[in-house]
>>> print(open('protein.txt').read())   # compact mmCIF, C-alpha atoms and all ligand atoms
# COMPACT_ATOMS: atom_id res chain seq x y z
CA LYS A 1 -54.32 -27.85 55.46
CA LYS A 2 -53.78 -26.47 58.93
CA VAL A 3 -50.60 -24.50 59.45
CA LEU A 4 -47.90 -25.48 61.92
CA LEU A 5 -44.71 -23.64 62.79
CA SER A 6 -41.67 -24.31 64.92
CA GLY A 7 -38.14 -23.00 65.31
CA ILE A 8 -34.98 -24.10 67.05
CA GLN A 9 -32.19 -21.70 67.96
CA PRO A 10 -28.85 -22.60 66.41
CA SER A 11 -27.32 -21.71 69.76
CA GLY A 12 -25.62 -25.08 70.09
CA ASP A 13 -25.26 -28.29 68.17
CA LEU A 14 -28.38 -30.41 67.92
CA HIS A 15 -28.48 -33.38 70.27
CA LEU A 16 -30.30 -36.62 70.90
CA GLY A 17 -32.93 -34.86 73.03
CA ASN A 18 -33.76 -32.44 70.20
CA TYR A 19 -34.10 -35.43 67.87
CA LEU A 20 -36.11 -37.84 70.01
CA GLY A 21 -38.16 -35.09 71.62
CA ALA A 22 -38.86 -32.99 68.55
CA ILE A 23 -37.32 -33.40 65.10
CA LYS A 24 -38.07 -37.11 64.81
CA ASN A 25 -41.80 -36.42 64.78
CA TRP A 26 -41.65 -33.54 62.36
CA ALA A 27 -41.39 -35.50 59.13
CA GLU A 28 -44.69 -37.13 60.02
CA LEU A 29 -46.31 -33.79 60.81
CA SER A 30 -45.45 -32.45 57.39
CA GLU A 31 -47.78 -35.00 55.80
CA GLN A 32 -50.63 -33.62 57.84
CA PHE A 33 -49.88 -29.89 58.09
CA ASP A 34 -48.49 -27.02 56.05
CA CYS A 35 -45.24 -26.73 58.02
CA TYR A 36 -42.79 -23.87 58.59
CA TRP A 37 -39.47 -24.73 60.25
CA PHE A 38 -37.04 -21.95 60.95
CA MET A 39 -33.55 -21.53 62.33
CA ALA A 40 -34.11 -18.97 65.09
CA ASP A 41 -30.82 -17.14 64.63
CA LEU A 42 -32.16 -13.73 65.73
CA HIS A 43 -32.86 -15.20 69.13
CA THR A 44 -29.38 -16.62 69.60
CA ILE A 45 -27.67 -13.25 69.93
CA THR A 46 -29.40 -12.51 73.22
CA VAL A 47 -26.34 -14.44 74.36
CA ARG A 48 -22.91 -13.66 72.85
CA GLN A 49 -22.16 -15.91 69.91
CA ASP A 50 -19.03 -16.63 67.97
CA PRO A 51 -20.04 -15.41 64.47
CA ALA A 52 -18.31 -18.16 62.47
CA GLU A 53 -19.71 -20.83 64.77
CA LEU A 54 -23.20 -19.41 64.55
CA ARG A 55 -23.04 -19.51 60.76
CA ARG A 56 -21.73 -23.08 60.80
CA ARG A 57 -24.41 -24.26 63.20
CA THR A 58 -27.20 -22.55 61.26
CA LEU A 59 -26.22 -24.28 58.03
CA THR A 60 -25.68 -27.61 59.79
CA GLN A 61 -29.12 -27.33 61.35
CA ILE A 62 -30.72 -26.90 57.93
CA ALA A 63 -28.83 -29.91 56.59
CA THR A 64 -29.83 -31.93 59.66
CA TYR A 65 -33.50 -31.13 59.25
CA ILE A 66 -33.39 -32.42 55.70
CA ALA A 67 -31.36 -35.46 56.77
CA CYS A 68 -34.00 -36.20 59.40
CA GLY A 69 -36.61 -36.48 56.71
CA LEU A 70 -38.01 -32.99 56.27
CA ASP A 71 -38.59 -32.79 52.55
CA PRO A 72 -37.90 -29.22 51.35
CA GLU A 73 -40.53 -29.72 48.67
CA LYS A 74 -43.21 -30.27 51.30
CA ASN A 75 -41.90 -28.02 54.09
CA THR A 76 -40.90 -24.39 54.28
CA ILE A 77 -37.39 -24.38 55.76
CA PHE A 78 -35.86 -20.96 56.36
CA VAL A 79 -33.54 -18.79 58.40
CA GLN A 80 -35.29 -16.28 60.66
CA SER A 81 -32.93 -13.38 59.87
CA HIS A 82 -33.61 -13.85 56.12
CA VAL A 83 -37.22 -12.85 56.65
CA HIS A 84 -37.05 -9.25 57.87
CA GLN A 85 -40.73 -9.23 58.83
CA HIS A 86 -39.86 -11.08 62.05
CA ALA A 87 -37.84 -8.18 63.43
CA GLU A 88 -40.40 -5.66 62.18
CA LEU A 89 -43.42 -7.30 63.73
CA GLY A 90 -41.30 -7.96 66.82
CA TRP A 91 -40.97 -4.20 67.31
CA VAL A 92 -44.69 -3.62 66.99
CA LEU A 93 -45.41 -6.36 69.50
CA ASP A 94 -42.84 -4.91 71.92
CA CYS A 95 -45.24 -1.99 72.11
CA TYR A 96 -48.17 -4.28 72.91
CA THR A 97 -46.45 -6.15 75.71
CA MET A 98 -46.21 -4.98 79.28
CA PHE A 99 -43.05 -4.69 81.32
CA GLY A 100 -44.76 -6.58 84.14
CA GLU A 101 -45.69 -9.61 82.07
CA LEU A 102 -42.19 -9.90 80.62
CA SER A 103 -40.74 -9.68 84.12
CA ARG A 104 -42.71 -12.76 85.10
CA MET A 105 -41.27 -15.02 82.39
CA THR A 106 -39.37 -17.83 84.04
CA GLN A 107 -36.92 -18.16 81.15
CA PHE A 108 -35.90 -14.52 81.54
CA LYS A 109 -35.35 -15.03 85.23
CA ASP A 110 -33.28 -18.17 84.59
CA LYS A 111 -31.23 -16.73 81.75
CA SER A 112 -30.52 -13.44 83.48
CA ALA A 113 -29.32 -15.33 86.52
CA LYS A 114 -27.07 -17.39 84.28
CA HIS A 115 -25.73 -14.50 82.19
CA ALA A 116 -25.62 -11.83 84.88
CA ASP A 117 -22.96 -9.89 82.95
CA ASN A 118 -25.19 -9.53 79.88
CA ILE A 119 -28.81 -8.94 80.85
CA ASN A 120 -29.66 -7.17 77.62
CA ALA A 121 -32.97 -5.79 76.36
CA GLY A 122 -33.23 -8.53 73.74
CA LEU A 123 -33.23 -11.18 76.43
CA PHE A 124 -36.06 -9.35 78.12
CA THR A 125 -38.21 -8.83 75.02
CA TYR A 126 -37.50 -12.30 73.62
CA PRO A 127 -41.15 -13.37 74.03
CA CYS A 128 -42.29 -10.49 71.77
CA LEU A 129 -40.03 -11.60 68.95
CA MET A 130 -41.15 -15.15 69.50
CA ALA A 131 -44.77 -14.01 69.32
CA ALA A 132 -43.93 -12.29 66.02
CA ASP A 133 -42.27 -15.47 64.72
CA ILE A 134 -45.48 -17.31 65.34
CA LEU A 135 -48.18 -14.79 64.49
CA LEU A 136 -46.72 -13.81 61.11
CA TYR A 137 -47.73 -17.20 59.71
CA GLN A 138 -51.17 -17.42 61.30
CA PRO A 139 -50.49 -21.00 62.38
CA ASP A 140 -53.10 -23.20 63.98
CA PHE A 141 -50.51 -25.05 66.03
CA VAL A 142 -47.10 -24.46 67.54
CA PRO A 143 -45.38 -27.63 68.71
CA VAL A 144 -43.49 -26.85 71.88
CA GLY A 145 -41.89 -28.59 74.78
CA GLU A 146 -42.99 -28.11 78.35
CA ASP A 147 -40.36 -25.35 78.79
CA GLN A 148 -41.87 -23.19 76.04
CA LYS A 149 -45.50 -23.37 77.11
CA GLN A 150 -45.29 -20.08 78.98
CA HIS A 151 -44.04 -18.40 75.80
CA VAL A 152 -46.97 -19.65 73.77
CA GLU A 153 -49.27 -18.43 76.54
CA ILE A 154 -47.84 -14.92 76.38
CA CYS A 155 -48.02 -15.04 72.58
CA ARG A 156 -51.72 -15.78 72.88
CA ASP A 157 -52.13 -12.91 75.34
CA ILE A 158 -50.34 -10.49 73.01
CA ALA A 159 -52.39 -11.67 70.01
CA ASN A 160 -55.64 -11.28 71.93
CA ARG A 161 -54.63 -7.82 73.14
CA PHE A 162 -53.81 -6.69 69.61
CA ASN A 163 -56.99 -8.20 68.18
CA HIS A 164 -59.01 -6.57 70.90
CA ALA A 165 -57.57 -3.16 70.06
CA HIS A 166 -57.69 -3.45 66.27
CA GLY A 167 -60.06 -6.25 65.26
CA GLU A 168 -59.18 -9.81 64.24
CA VAL A 169 -55.72 -9.61 62.74
CA PHE A 170 -54.00 -12.60 64.30
CA LYS A 171 -55.11 -16.18 64.56
CA VAL A 172 -54.57 -17.15 68.20
CA PRO A 173 -52.45 -20.31 68.07
CA GLN A 174 -52.74 -23.44 70.16
CA PRO A 175 -49.72 -25.06 71.76
CA TYR A 176 -49.34 -28.50 70.28
CA ILE A 177 -47.82 -30.84 72.82
CA PRO A 178 -46.60 -33.72 70.71
CA LYS A 179 -47.61 -37.18 71.85
CA ALA A 180 -45.03 -38.65 74.24
CA GLY A 181 -41.96 -37.30 72.48
CA ALA A 182 -39.24 -38.74 74.68
CA ARG A 183 -37.79 -36.38 77.26
CA VAL A 184 -34.09 -37.14 77.32
CA MET A 185 -32.04 -36.34 80.39
CA SER A 186 -28.34 -35.51 80.59
CA LEU A 187 -26.11 -38.59 80.61
CA ASN A 188 -23.99 -37.36 83.48
CA GLN A 189 -26.69 -35.57 85.42
CA PRO A 190 -29.91 -37.53 84.89
CA ASP A 191 -32.02 -35.14 86.96
CA THR A 192 -31.50 -32.32 84.42
CA LYS A 193 -32.67 -32.41 80.84
CA MET A 194 -30.20 -32.86 78.02
CA SER A 195 -29.72 -29.33 76.74
CA LYS A 196 -27.43 -27.76 74.16
CA SER A 197 -26.51 -25.00 76.57
CA ILE A 198 -24.98 -27.65 78.88
CA PRO A 199 -22.78 -29.61 76.46
CA GLU A 200 -21.51 -31.99 79.14
CA GLY A 201 -23.79 -35.00 79.21
CA CYS A 202 -25.10 -34.23 75.72
CA VAL A 203 -24.97 -36.66 72.81
CA PHE A 204 -24.75 -34.60 69.65
CA LEU A 205 -26.27 -35.77 66.40
CA MET A 206 -23.01 -35.23 64.53
CA GLU A 207 -20.80 -37.00 67.05
CA LYS A 208 -18.50 -39.85 66.02
CA PRO A 209 -19.66 -43.38 66.95
CA GLU A 210 -16.68 -43.99 69.24
CA ASP A 211 -17.38 -40.78 71.15
CA ILE A 212 -21.03 -41.72 71.51
CA MET A 213 -20.09 -45.17 72.79
CA ARG A 214 -17.68 -43.67 75.30
CA LYS A 215 -20.34 -41.31 76.61
CA PHE A 216 -22.83 -44.12 77.08
CA LYS A 217 -20.32 -46.40 78.78
CA ARG A 218 -19.57 -43.57 81.20
CA ALA A 219 -23.19 -42.54 81.65
CA ILE A 220 -24.08 -42.03 85.29
CA THR A 221 -26.12 -44.91 86.58
CA ASP A 222 -27.53 -45.20 89.99
CA SER A 223 -25.81 -46.16 93.18
CA ASP A 224 -28.78 -48.07 94.55
CA THR A 225 -28.01 -51.54 95.82
CA GLU A 226 -29.98 -53.70 93.40
CA ARG A 227 -28.02 -52.64 90.28
CA CYS A 228 -30.57 -54.17 87.94
CA VAL A 229 -32.20 -52.65 84.88
CA ARG A 230 -35.56 -51.49 86.20
CA PHE A 231 -37.59 -48.38 85.38
CA ASP A 232 -38.02 -46.02 88.33
CA ARG A 233 -37.64 -42.32 87.56
CA GLU A 234 -37.45 -41.35 91.21
CA ALA A 235 -35.10 -43.93 92.65
CA LYS A 236 -33.16 -44.74 89.47
CA PRO A 237 -33.05 -41.66 87.23
CA GLY A 238 -29.87 -42.68 85.39
CA VAL A 239 -31.00 -46.14 84.34
CA SER A 240 -34.51 -44.91 83.68
CA ASN A 241 -33.15 -42.30 81.31
CA LEU A 242 -31.20 -44.95 79.40
CA MET A 243 -34.29 -47.14 79.29
CA ASN A 244 -36.32 -44.24 77.99
CA ILE A 245 -33.80 -43.62 75.21
CA TYR A 246 -33.64 -47.32 74.36
CA ALA A 247 -37.42 -47.58 74.35
CA ALA A 248 -37.80 -44.53 72.12
CA ILE A 249 -35.37 -46.00 69.57
CA THR A 250 -36.44 -49.64 69.59
CA GLY A 251 -40.14 -49.24 70.34
CA LYS A 252 -39.77 -51.78 73.17
CA SER A 253 -41.75 -51.34 76.38
CA TYR A 254 -40.04 -50.97 79.74
CA GLU A 255 -41.21 -54.47 80.71
CA GLU A 256 -39.64 -55.93 77.60
CA ILE A 257 -36.38 -54.13 78.33
CA GLU A 258 -36.40 -55.30 81.94
CA ARG A 259 -36.84 -58.88 80.72
CA GLU A 260 -34.13 -58.50 78.09
CA PHE A 261 -31.60 -57.48 80.73
CA GLU A 262 -32.78 -59.64 83.59
CA GLY A 263 -29.82 -60.87 85.61
CA LYS A 264 -27.46 -58.56 83.75
CA GLY A 265 -26.02 -55.41 85.28
CA TYR A 266 -25.66 -51.86 84.09
CA GLY A 267 -22.36 -52.78 82.45
CA ALA A 268 -24.17 -54.93 79.90
CA PHE A 269 -27.00 -52.50 79.35
CA LYS A 270 -25.10 -49.27 78.70
CA PRO A 271 -23.19 -50.35 75.56
CA VAL A 272 -26.36 -51.81 74.07
CA VAL A 273 -28.08 -48.45 74.40
CA GLY A 274 -24.96 -46.79 72.99
CA GLU A 275 -25.03 -49.11 69.95
CA ALA A 276 -28.70 -48.38 69.36
CA VAL A 277 -27.99 -44.63 69.43
CA VAL A 278 -24.98 -45.00 67.12
CA GLU A 279 -27.07 -46.89 64.57
CA LEU A 280 -29.93 -44.44 64.90
CA LEU A 281 -27.68 -41.46 64.26
CA ARG A 282 -25.37 -42.97 61.64
CA PRO A 283 -27.58 -42.32 58.58
CA ILE A 284 -28.51 -38.87 59.89
CA ARG A 285 -24.88 -37.90 60.37
CA GLU A 286 -23.82 -39.26 56.99
CA GLU A 287 -26.64 -37.56 55.13
CA THR A 288 -26.03 -34.27 56.96
CA GLN A 289 -22.37 -34.40 55.96
CA ARG A 290 -23.26 -35.20 52.36
CA LEU A 291 -25.66 -32.24 52.24
CA LEU A 292 -23.08 -29.93 53.81
CA SER A 293 -20.73 -30.72 50.95
CA ASP A 294 -23.39 -29.49 48.52
CA LYS A 295 -23.61 -25.84 49.53
CA ALA A 296 -25.42 -24.83 46.35
CA TYR A 297 -28.25 -27.22 47.12
CA LEU A 298 -28.60 -25.95 50.69
CA GLU A 299 -28.58 -22.36 49.49
CA GLY A 300 -31.36 -23.21 47.09
CA VAL A 301 -33.39 -24.68 49.94
CA TYR A 302 -33.07 -21.78 52.34
CA ARG A 303 -33.54 -19.14 49.66
CA ALA A 304 -36.72 -20.74 48.40
CA GLY A 305 -37.83 -21.13 52.03
CA ALA A 306 -37.20 -17.46 52.80
CA GLU A 307 -39.07 -16.40 49.69
CA LYS A 308 -42.13 -18.44 50.56
CA ALA A 309 -42.02 -17.38 54.22
CA SER A 310 -41.61 -13.69 53.32
CA TYR A 311 -44.60 -13.81 51.06
CA VAL A 312 -46.84 -15.09 53.84
CA ALA A 313 -45.24 -12.94 56.54
CA GLU A 314 -45.58 -9.78 54.48
CA LYS A 315 -49.33 -10.24 54.18
CA THR A 316 -49.68 -10.27 57.97
CA LEU A 317 -47.25 -7.41 58.49
CA ARG A 318 -49.13 -5.21 56.01
CA LYS A 319 -52.38 -5.75 57.87
CA VAL A 320 -50.67 -4.89 61.15
CA TYR A 321 -49.05 -1.72 59.79
CA LYS A 322 -52.36 -0.60 58.41
CA LYS A 323 -54.18 -1.28 61.67
CA VAL A 324 -51.72 0.65 63.79
CA GLY A 325 -51.89 3.59 61.41
CA PHE A 326 -48.63 3.57 59.45
CA LEU A 327 -48.85 5.36 56.13
CA ALA A 328 -48.79 2.87 53.25
CA ARG A 329 -45.82 3.11 50.91
P1 LIG B 401 -31.39 -24.54 75.19
O1 LIG B 401 -30.44 -25.09 76.19
O2 LIG B 401 -30.84 -23.43 74.35
O3 LIG B 401 -32.76 -24.29 75.73
P2 LIG B 401 -32.28 -27.06 74.19
O4 LIG B 401 -31.27 -28.12 74.02
O5 LIG B 401 -33.18 -27.13 75.37
O6 LIG B 401 -31.51 -25.70 74.11
P3 LIG B 401 -34.33 -26.01 72.52
O7 LIG B 401 -33.89 -25.20 71.36
O8 LIG B 401 -34.80 -25.33 73.75
O9 LIG B 401 -33.14 -27.02 72.88
O10 LIG B 401 -35.44 -27.02 72.07
C1 LIG B 401 -35.65 -27.45 70.75
C2 LIG B 401 -36.68 -28.55 70.74
O11 LIG B 401 -36.12 -29.73 71.30
C3 LIG B 401 -37.92 -28.23 71.57
O12 LIG B 401 -39.06 -28.79 70.91
C4 LIG B 401 -37.65 -28.94 72.86
O13 LIG B 401 -38.84 -29.28 73.53
C5 LIG B 401 -36.90 -30.16 72.39
N1 LIG B 401 -35.96 -30.63 73.41
C6 LIG B 401 -34.89 -29.95 73.89
N2 LIG B 401 -34.23 -30.68 74.79
C7 LIG B 401 -34.89 -31.85 74.91
C8 LIG B 401 -34.71 -33.04 75.69
N3 LIG B 401 -33.69 -33.15 76.52
N4 LIG B 401 -35.58 -34.04 75.55
C9 LIG B 401 -36.61 -33.94 74.68
N5 LIG B 401 -36.86 -32.87 73.92
C10 LIG B 401 -36.02 -31.83 74.02
MG MG B 402 -34.58 -25.42 75.90
>>> encode(input="protein.txt", output="structure tokens")
Amino acid sequence: KKVLLSGIQPSGDLHLGNYLGAIKNWAELSEQFDCYWFMADLHTITVRQDPAELRRRTLTQIATYIACGLDPEKNTIFVQSHVHQHAELGWVLDCYTMFGELSRMTQFKDKSAKHADNINAGLFTYPCLMAADILLYQPDFVPVGEDQKQHVEICRDIANRFNHAHGEVFKVPQPYIPKAGARVMSLNQPDTKMSKSIPEGCVFLMEKPEDIMRKFKRAITDSDTERCVRFDREAKPGVSNLMNIYAAITGKSYEEIEREFEGKGYGAFKPVVGEAVVELLRPIREETQRLLSDKAYLEGVYRAGAEKASYVAEKTLRKVYKKVGFLAR
């Protein structure tokens, strides 16, 4: 089986965009690939975190993955900080990455503009740790969104540079752009993507049905004159976003949705989308809550995951240490 790896930072609560754009497709992938899913907690502290909240979100994320259909028997689910090889390889790769190439990363530029009071070294070297996350497991594929493509590119550059200096140590991974995973936009700002770092306009997976309904009823729709449900990303980003969400959940085409709401206004459409989201998320929320009440089970999952991941990661790290000339213990 080919190997596939992906992580999400527990830097905020998971939302509808994370689900429809990523997690939803993962259960399927695990039939086809040997999958590693990790909670990228090391990465979160490039921005100040509340420690108790970070712990809560990390555990909730594990429970959510399982609730979304990732079977811990078939997938390796682990917490990044539990596998010390990530930080260790990260250091080595820091030394194989150039200041200039890190300076060109758009995410660094964005994040340092946003957190001008805390432009720390970790934020700058983030791509090296991310390269370590990936290369430790010698994956064939790394599923990423558009926004992470540059990071996979630099990971490939670092891997090639290391291999060139020391011989083939790393498999150079391919970005895996999942087929039409829905790109969900913010409900109150439909020209920006729904993102956990901008909680306004986000629909969280663990949110109560009445809160979800309220958010959908208040979703920004467009002030164009026709006020009908029609797909047009440019002219009608708000309605188009709702249509995209509705289509992703129901499997209906845009034409079908347009027909379904012909002659009806936005006021009729928005609660229907809200209902569809509520029903989509209900079983996920309930199962996540059930799992969170069984701490022993979750511990078992992430410990077994860390053990399996460490075993694989250690093999790569040993090769690297040997190649760079560290004395074997
Ligand atoms: P951050 O604001 O910290 O970047 P995020 O909400 O963008 O958080 P990520 O951790 O960057 O979430 O992304 C996790 C996964 O979810 C990635 O595969 C990403 O492509 C996907 N994803 C994130 N936001 C959306 C969205 N709005 N629509 C579709 N997919 C998304
Ligand atoms: Mg993001």
>>> closest_residue(input="protein.txt", among="A:Gly69, A:Gly201, A:Pro139, A:Pro271", to="ligand LIG 401 (chain B)", atoms="only C-alpha atoms and all ligand atoms")
A:Gly201
>>> residues_near_ligand(input="protein.txt", ligand="ligand MG 402 (chain B)", cutoff="8 Å", atoms="only C-alpha atoms and all ligand atoms", output="ChimeraX atom specification")
/A:147-148,195-196
>>> residues_around(input="protein.txt", residues="A:Val272", least_positions_apart="4", cutoff="12 Å", atoms="all atoms listed in the file", output="PyMOL selection string")
chain A and resi 212-214+216-217+242-243+245-247+249-250+257+260-261+264-268+276-279
>>> write_last_selection(input="protein.txt", atoms="C-alpha atoms", output="compact mmCIF listing (two decimals), in the coordinates of the input")
# COMPACT_ATOMS: atom_id res chain seq x y z
CA ILE A 212 -21.03 -41.72 71.51
CA MET A 213 -20.09 -45.17 72.79
CA ARG A 214 -17.68 -43.67 75.30
CA PHE A 216 -22.83 -44.12 77.08
CA LYS A 217 -20.32 -46.40 78.78
CA LEU A 242 -31.20 -44.95 79.40
CA MET A 243 -34.29 -47.14 79.29
CA ILE A 245 -33.80 -43.62 75.21
CA TYR A 246 -33.64 -47.32 74.36
CA ALA A 247 -37.42 -47.58 74.35
CA ILE A 249 -35.37 -46.00 69.57
CA THR A 250 -36.44 -49.64 69.59
CA ILE A 257 -36.38 -54.13 78.33
CA GLU A 260 -34.13 -58.50 78.09
CA PHE A 261 -31.60 -57.48 80.73
CA LYS A 264 -27.46 -58.56 83.75
CA GLY A 265 -26.02 -55.41 85.28
CA TYR A 266 -25.66 -51.86 84.09
CA GLY A 267 -22.36 -52.78 82.45
CA ALA A 268 -24.17 -54.93 79.90
CA ALA A 276 -28.70 -48.38 69.36
CA VAL A 277 -27.99 -44.63 69.43
CA VAL A 278 -24.98 -45.00 67.12
CA GLU A 279 -27.07 -46.89 64.57
>>> closest_residue(input="protein.txt", among="A:Gly274, A:Pro190, A:Gly21, A:Gly90", to="ligand LIG 401 (chain B)", atoms="all atoms listed in the file")
A:Gly21
>>> atom_distance(input="protein.txt", atom1="atom CA of A:Leu102", atom2="atom CA of A:Lys114")
17.3 Å
>>> residues_around(input="protein.txt", residues="stretch 187-189 of chain A", least_positions_apart="6", cutoff="10 Å", atoms="all atoms listed in the file", output="list in words")
Glu200, Gly201, Cys202, Val203, Lys215, Phe216, Lys217, Arg218, Ala219, Ile220, Thr221, Pro237, Gly238, Val239, Asn241 and Leu242 of chain A
>>> write_last_selection(input="protein.txt", atoms="C-alpha atoms", output="short mmCIF file (atom, residue, chain, number, x, y, z; two decimals), keeping the file's coordinate frame")
data_model
loop_
_atom_site.label_atom_id
_atom_site.label_comp_id
_atom_site.auth_asym_id
_atom_site.auth_seq_id
_atom_site.Cartn_x
_atom_site.Cartn_y
_atom_site.Cartn_z
CA GLU A 200 -21.51 -31.99 79.14
CA GLY A 201 -23.79 -35.00 79.21
CA CYS A 202 -25.10 -34.23 75.72
CA VAL A 203 -24.97 -36.66 72.81
CA LYS A 215 -20.34 -41.31 76.61
CA PHE A 216 -22.83 -44.12 77.08
CA LYS A 217 -20.32 -46.40 78.78
CA ARG A 218 -19.57 -43.57 81.20
CA ALA A 219 -23.19 -42.54 81.65
CA ILE A 220 -24.08 -42.03 85.29
CA THR A 221 -26.12 -44.91 86.58
CA PRO A 237 -33.05 -41.66 87.23
CA GLY A 238 -29.87 -42.68 85.39
CA VAL A 239 -31.00 -46.14 84.34
CA ASN A 241 -33.15 -42.30 81.31
CA LEU A 242 -31.20 -44.95 79.40
#
>>> residues_around(input="protein.txt", residues="A:Lys308", least_positions_apart="4", cutoff="8 Å", atoms="all atoms listed in the file", output="PyMOL selection string")
chain A and resi 76+304+312
>>> write_last_selection(input="protein.txt", atoms="C-alpha atoms", output="PDB file, keeping the file's coordinate frame")
ATOM      1  CA  THR A  76     -40.900 -24.390  54.280  1.00  0.00           C
ATOM      2  CA  ALA A 304     -36.720 -20.740  48.400  1.00  0.00           C
ATOM      3  CA  VAL A 312     -46.840 -15.090  53.840  1.00  0.00           C
TER       4      VAL A 312
END
>>> residues_near_ligand(input="protein.txt", ligand="ligand LIG 401 (chain B)", cutoff="6 Å", atoms="all atoms listed in the file", output="list in words")
Ile8, Gln9, Gly17, Asn18, Gly21, Ala22, Val144, Gly145, Ala182, Arg183, Val184, Met185, Lys193, Met194, Ser195, Lys196 and Ser197 of chain A
>>> residues_around(input="protein.txt", residues="stretch 29-39 of chain A", least_positions_apart="3", cutoff="6 Å", atoms="all atoms listed in the file", output="PDB file with C-alpha atoms, in the frame of the given file")
ATOM      1  CA  LYS A   1     -54.320 -27.850  55.460  1.00  0.00           C
ATOM      2  CA  LYS A   2     -53.780 -26.470  58.930  1.00  0.00           C
ATOM      3  CA  VAL A   3     -50.600 -24.500  59.450  1.00  0.00           C
ATOM      4  CA  LEU A   4     -47.900 -25.480  61.920  1.00  0.00           C
ATOM      5  CA  LEU A   5     -44.710 -23.640  62.790  1.00  0.00           C
ATOM      6  CA  SER A   6     -41.670 -24.310  64.920  1.00  0.00           C
ATOM      7  CA  GLY A   7     -38.140 -23.000  65.310  1.00  0.00           C
ATOM      8  CA  ILE A   8     -34.980 -24.100  67.050  1.00  0.00           C
ATOM      9  CA  GLN A   9     -32.190 -21.700  67.960  1.00  0.00           C
ATOM     10  CA  TRP A  26     -41.650 -33.540  62.360  1.00  0.00           C
ATOM     11  CA  ASN A  75     -41.900 -28.020  54.090  1.00  0.00           C
ATOM     12  CA  THR A  76     -40.900 -24.390  54.280  1.00  0.00           C
ATOM     13  CA  ILE A  77     -37.390 -24.380  55.760  1.00  0.00           C
ATOM     14  CA  PHE A  78     -35.860 -20.960  56.360  1.00  0.00           C
ATOM     15  CA  VAL A  79     -33.540 -18.790  58.400  1.00  0.00           C
ATOM     16  CA  GLN A  80     -35.290 -16.280  60.660  1.00  0.00           C
TER      17      GLN A  80
END
>>> residues_around(input="protein.txt", residues="A:Met206", least_positions_apart="3", cutoff="10 Å", atoms="all atoms listed in the file", output="short mmCIF file (atom, residue, chain, number, x, y, z; two decimals) with C-alpha atoms, in the frame of the given file")
data_model
loop_
_atom_site.label_atom_id
_atom_site.label_comp_id
_atom_site.auth_asym_id
_atom_site.auth_seq_id
_atom_site.Cartn_x
_atom_site.Cartn_y
_atom_site.Cartn_z
CA ASP A 13 -25.26 -28.29 68.17
CA LEU A 14 -28.38 -30.41 67.92
CA HIS A 15 -28.48 -33.38 70.27
CA LEU A 16 -30.30 -36.62 70.90
CA THR A 60 -25.68 -27.61 59.79
CA THR A 64 -29.83 -31.93 59.66
CA VAL A 203 -24.97 -36.66 72.81
CA PRO A 209 -19.66 -43.38 66.95
CA ILE A 212 -21.03 -41.72 71.51
CA LEU A 281 -27.68 -41.46 64.26
CA ARG A 282 -25.37 -42.97 61.64
CA ILE A 284 -28.51 -38.87 59.89
CA ARG A 285 -24.88 -37.90 60.37
CA GLU A 286 -23.82 -39.26 56.99
CA THR A 288 -26.03 -34.27 56.96
CA GLN A 289 -22.37 -34.40 55.96
#
>>> closest_residue(input="protein.txt", among="A:Glu255, A:Gly12, A:Pro127, A:Glu226", to="A:Leu54", atoms="only C-alpha atoms")
A:Gly12
>>> atom_distance(input="protein.txt", atom1="atom CA of A:Tyr137", atom2="atom CA of A:Asn160")
15.7 Å
>>> build_atoms(input="protein.txt", residues="stretch 240-249 of chain A", atoms="N, CA and C atoms", output="PDB file, keeping the file's coordinate frame")
ATOM      1  N   SER A 240     -33.219 -45.188  84.296  1.00  0.00           N
ATOM      2  CA  SER A 240     -34.510 -44.910  83.680  1.00  0.00           C
ATOM      3  C   SER A 240     -34.356 -44.052  82.431  1.00  0.00           C
ATOM      4  N   ASN A 241     -33.408 -43.126  82.480  1.00  0.00           N
ATOM      5  CA  ASN A 241     -33.150 -42.300  81.310  1.00  0.00           C
ATOM      6  C   ASN A 241     -32.643 -43.159  80.153  1.00  0.00           C
ATOM      7  N   LEU A 242     -31.715 -44.061  80.449  1.00  0.00           N
ATOM      8  CA  LEU A 242     -31.200 -44.950  79.400  1.00  0.00           C
ATOM      9  C   LEU A 242     -32.307 -45.836  78.851  1.00  0.00           C
ATOM     10  N   MET A 243     -33.175 -46.305  79.738  1.00  0.00           N
ATOM     11  CA  MET A 243     -34.290 -47.140  79.290  1.00  0.00           C
ATOM     12  C   MET A 243     -35.237 -46.353  78.395  1.00  0.00           C
ATOM     13  N   ASN A 244     -35.445 -45.108  78.778  1.00  0.00           N
ATOM     14  CA  ASN A 244     -36.320 -44.240  77.990  1.00  0.00           C
ATOM     15  C   ASN A 244     -35.757 -44.039  76.583  1.00  0.00           C
ATOM     16  N   ILE A 245     -34.450 -43.804  76.511  1.00  0.00           N
ATOM     17  CA  ILE A 245     -33.800 -43.620  75.210  1.00  0.00           C
ATOM     18  C   ILE A 245     -33.914 -44.904  74.387  1.00  0.00           C
ATOM     19  N   TYR A 246     -33.607 -46.024  75.042  1.00  0.00           N
ATOM     20  CA  TYR A 246     -33.640 -47.320  74.360  1.00  0.00           C
ATOM     21  C   TYR A 246     -35.058 -47.641  73.877  1.00  0.00           C
ATOM     22  N   ALA A 247     -36.028 -47.330  74.715  1.00  0.00           N
ATOM     23  CA  ALA A 247     -37.420 -47.580  74.350  1.00  0.00           C
ATOM     24  C   ALA A 247     -37.837 -46.714  73.160  1.00  0.00           C
ATOM     25  N   ALA A 248     -37.412 -45.451  73.196  1.00  0.00           N
ATOM     26  CA  ALA A 248     -37.800 -44.530  72.120  1.00  0.00           C
ATOM     27  C   ALA A 248     -37.217 -44.986  70.781  1.00  0.00           C
ATOM     28  N   ILE A 249     -36.022 -45.589  70.823  1.00  0.00           N
ATOM     29  CA  ILE A 249     -35.370 -46.000  69.570  1.00  0.00           C
ATOM     30  C   ILE A 249     -35.927 -47.332  69.078  1.00  0.00           C
TER      31      ILE A 249
END
